[in-house]
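Here is the structure we will look at.
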Amino acid sequence: MIVITGATGNVGHPLVELLADAGHAVTAVSRATSAALPSRPGVVTAVADLSDVATLASGWAPRPRSP
């Protein structure tokens, strides 16, 4: 699994898409629940804020891969 923080940003969003298209299991992490996280097969989304340790478990918890 590859975890991408900033998955809604100018670099993170295309990176998530590129990795998912290449067949990698990706967790797309963003700190905003209202942000448009990438939605595609093989991508799991999570909301976490790197400055708030309590939220980090959601981004790094193992999950089954999306179809």
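Each chain in the structure tokens gets a letter, A, B, ..., in the order shown, and its residues are numbered from 1; ligands are numbered from 1 in order too.
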- request: May I have all residues of chain A that DSSP, computed from the backbone, assigns to strand (DSSP E or B), given as a PyMOL selection string?
  value: chain A and resi 2-5+26-30+43-47
- prompt: Could you pull out the alpha helix (DSSP H) residues of chain A from DSSP and send them as a PyMOL selection string?
  reply: chain A and resi 12-21+56-60
Export, as a short mmCIF file (atom, residue, chain, number, x, y, z; two decimals), in the first residue's frame, the selected residues with N, CA, C and O atoms.
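The result, stored in part-v4.cif:
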```cif
data_model
loop_
_atom_site.label_atom_id
_atom_site.label_comp_id
_atom_site.auth_asym_id
_atom_site.auth_seq_id
_atom_site.Cartn_x
_atom_site.Cartn_y
_atom_site.Cartn_z
N GLY A 12 -0.50 15.77 -5.47
CA GLY A 12 -1.05 14.55 -4.89
C GLY A 12 -2.15 13.89 -5.70
O GLY A 12 -2.16 12.67 -5.88
N HIS A 13 -3.08 14.70 -6.20
CA HIS A 13 -4.21 14.13 -6.94
C HIS A 13 -3.76 13.38 -8.19
O HIS A 13 -4.11 12.22 -8.39
N PRO A 14 -2.95 13.99 -9.07
CA PRO A 14 -2.48 13.25 -10.25
C PRO A 14 -1.59 12.06 -9.88
O PRO A 14 -1.60 11.04 -10.56
N LEU A 15 -0.85 12.18 -8.77
CA LEU A 15 0.00 11.08 -8.34
C LEU A 15 -0.84 9.87 -7.92
O LEU A 15 -0.53 8.73 -8.28
N VAL A 16 -1.92 10.12 -7.19
CA VAL A 16 -2.83 9.04 -6.81
C VAL A 16 -3.37 8.36 -8.05
O VAL A 16 -3.40 7.13 -8.15
N GLU A 17 -3.82 9.13 -9.02
CA GLU A 17 -4.37 8.57 -10.25
C GLU A 17 -3.33 7.76 -11.02
O GLU A 17 -3.61 6.67 -11.51
N LEU A 18 -2.12 8.28 -11.12
CA LEU A 18 -1.04 7.60 -11.82
C LEU A 18 -0.72 6.26 -11.16
O LEU A 18 -0.60 5.23 -11.84
N LEU A 19 -0.59 6.26 -9.84
CA LEU A 19 -0.26 5.03 -9.12
C LEU A 19 -1.39 4.01 -9.21
O LEU A 19 -1.15 2.82 -9.41
N ALA A 20 -2.63 4.47 -9.08
CA ALA A 20 -3.78 3.56 -9.17
C ALA A 20 -3.88 2.96 -10.57
O ALA A 20 -4.13 1.76 -10.72
N ASP A 21 -3.68 3.78 -11.59
CA ASP A 21 -3.72 3.28 -12.96
C ASP A 21 -2.62 2.26 -13.24
O ASP A 21 -2.78 1.39 -14.09
N LEU A 56 -4.28 10.37 12.60
CA LEU A 56 -3.37 9.67 11.69
C LEU A 56 -3.69 8.19 11.51
O LEU A 56 -3.42 7.63 10.45
N ALA A 57 -4.27 7.56 12.49
CA ALA A 57 -4.57 6.14 12.38
C ALA A 57 -5.47 5.84 11.19
O ALA A 57 -5.35 4.80 10.55
N SER A 58 -6.36 6.76 10.84
CA SER A 58 -7.27 6.51 9.72
C SER A 58 -6.54 6.40 8.39
O SER A 58 -6.94 5.66 7.51
N GLY A 59 -5.45 7.12 8.25
CA GLY A 59 -4.70 7.09 7.00
C GLY A 59 -3.78 5.90 6.86
O GLY A 59 -3.45 5.49 5.76
N TRP A 60 -3.37 5.31 7.97
CA TRP A 60 -2.41 4.23 7.92
C TRP A 60 -2.97 2.88 8.34
O TRP A 60 -2.25 1.91 8.36
#
```
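For the choices A:Thr55, A:Ala48, A:Ile2, A:Gly42, the atom-to-atom distance to Ser30 (chain A) is smallest for A:Ala48 when using only C-alpha atoms.
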task: Kindly indicate which residue among A:Gly6, A:Gly23, A:Met1, A:Ala54 lies nearest to Leu37 (chain A), using only C-alpha atoms for the distances.
output: A:Gly6
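If you look at CA of Val44 (chain A) and CA of Ala22 (chain A), they are 15.1 Å away from each other.
For the pair CA of Val53 (chain A) and CA of Val11 (chain A), the interatomic distance is 23.6 Å.
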- prompt: Quick one: residues within 7 Å of Val3 (chain A), only C-alpha atoms counted, chain neighbours fewer than 4 positions away excluded, as number ranges by chain?
  reply: A: 26-28
Export of the given selection (C-alpha atoms) as a PDB file, in the first residue's frame:
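See again-v2.pdb below for the written result:
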```pdb
ATOM      1  CA  VAL A  26      -3.198   3.589  -2.793  1.00  0.00           C
ATOM      2  CA  THR A  27      -4.552   5.321   0.290  1.00  0.00           C
ATOM      3  CA  ALA A  28      -5.381   8.930  -0.546  1.00  0.00           C
TER       4      ALA A  28
END
```
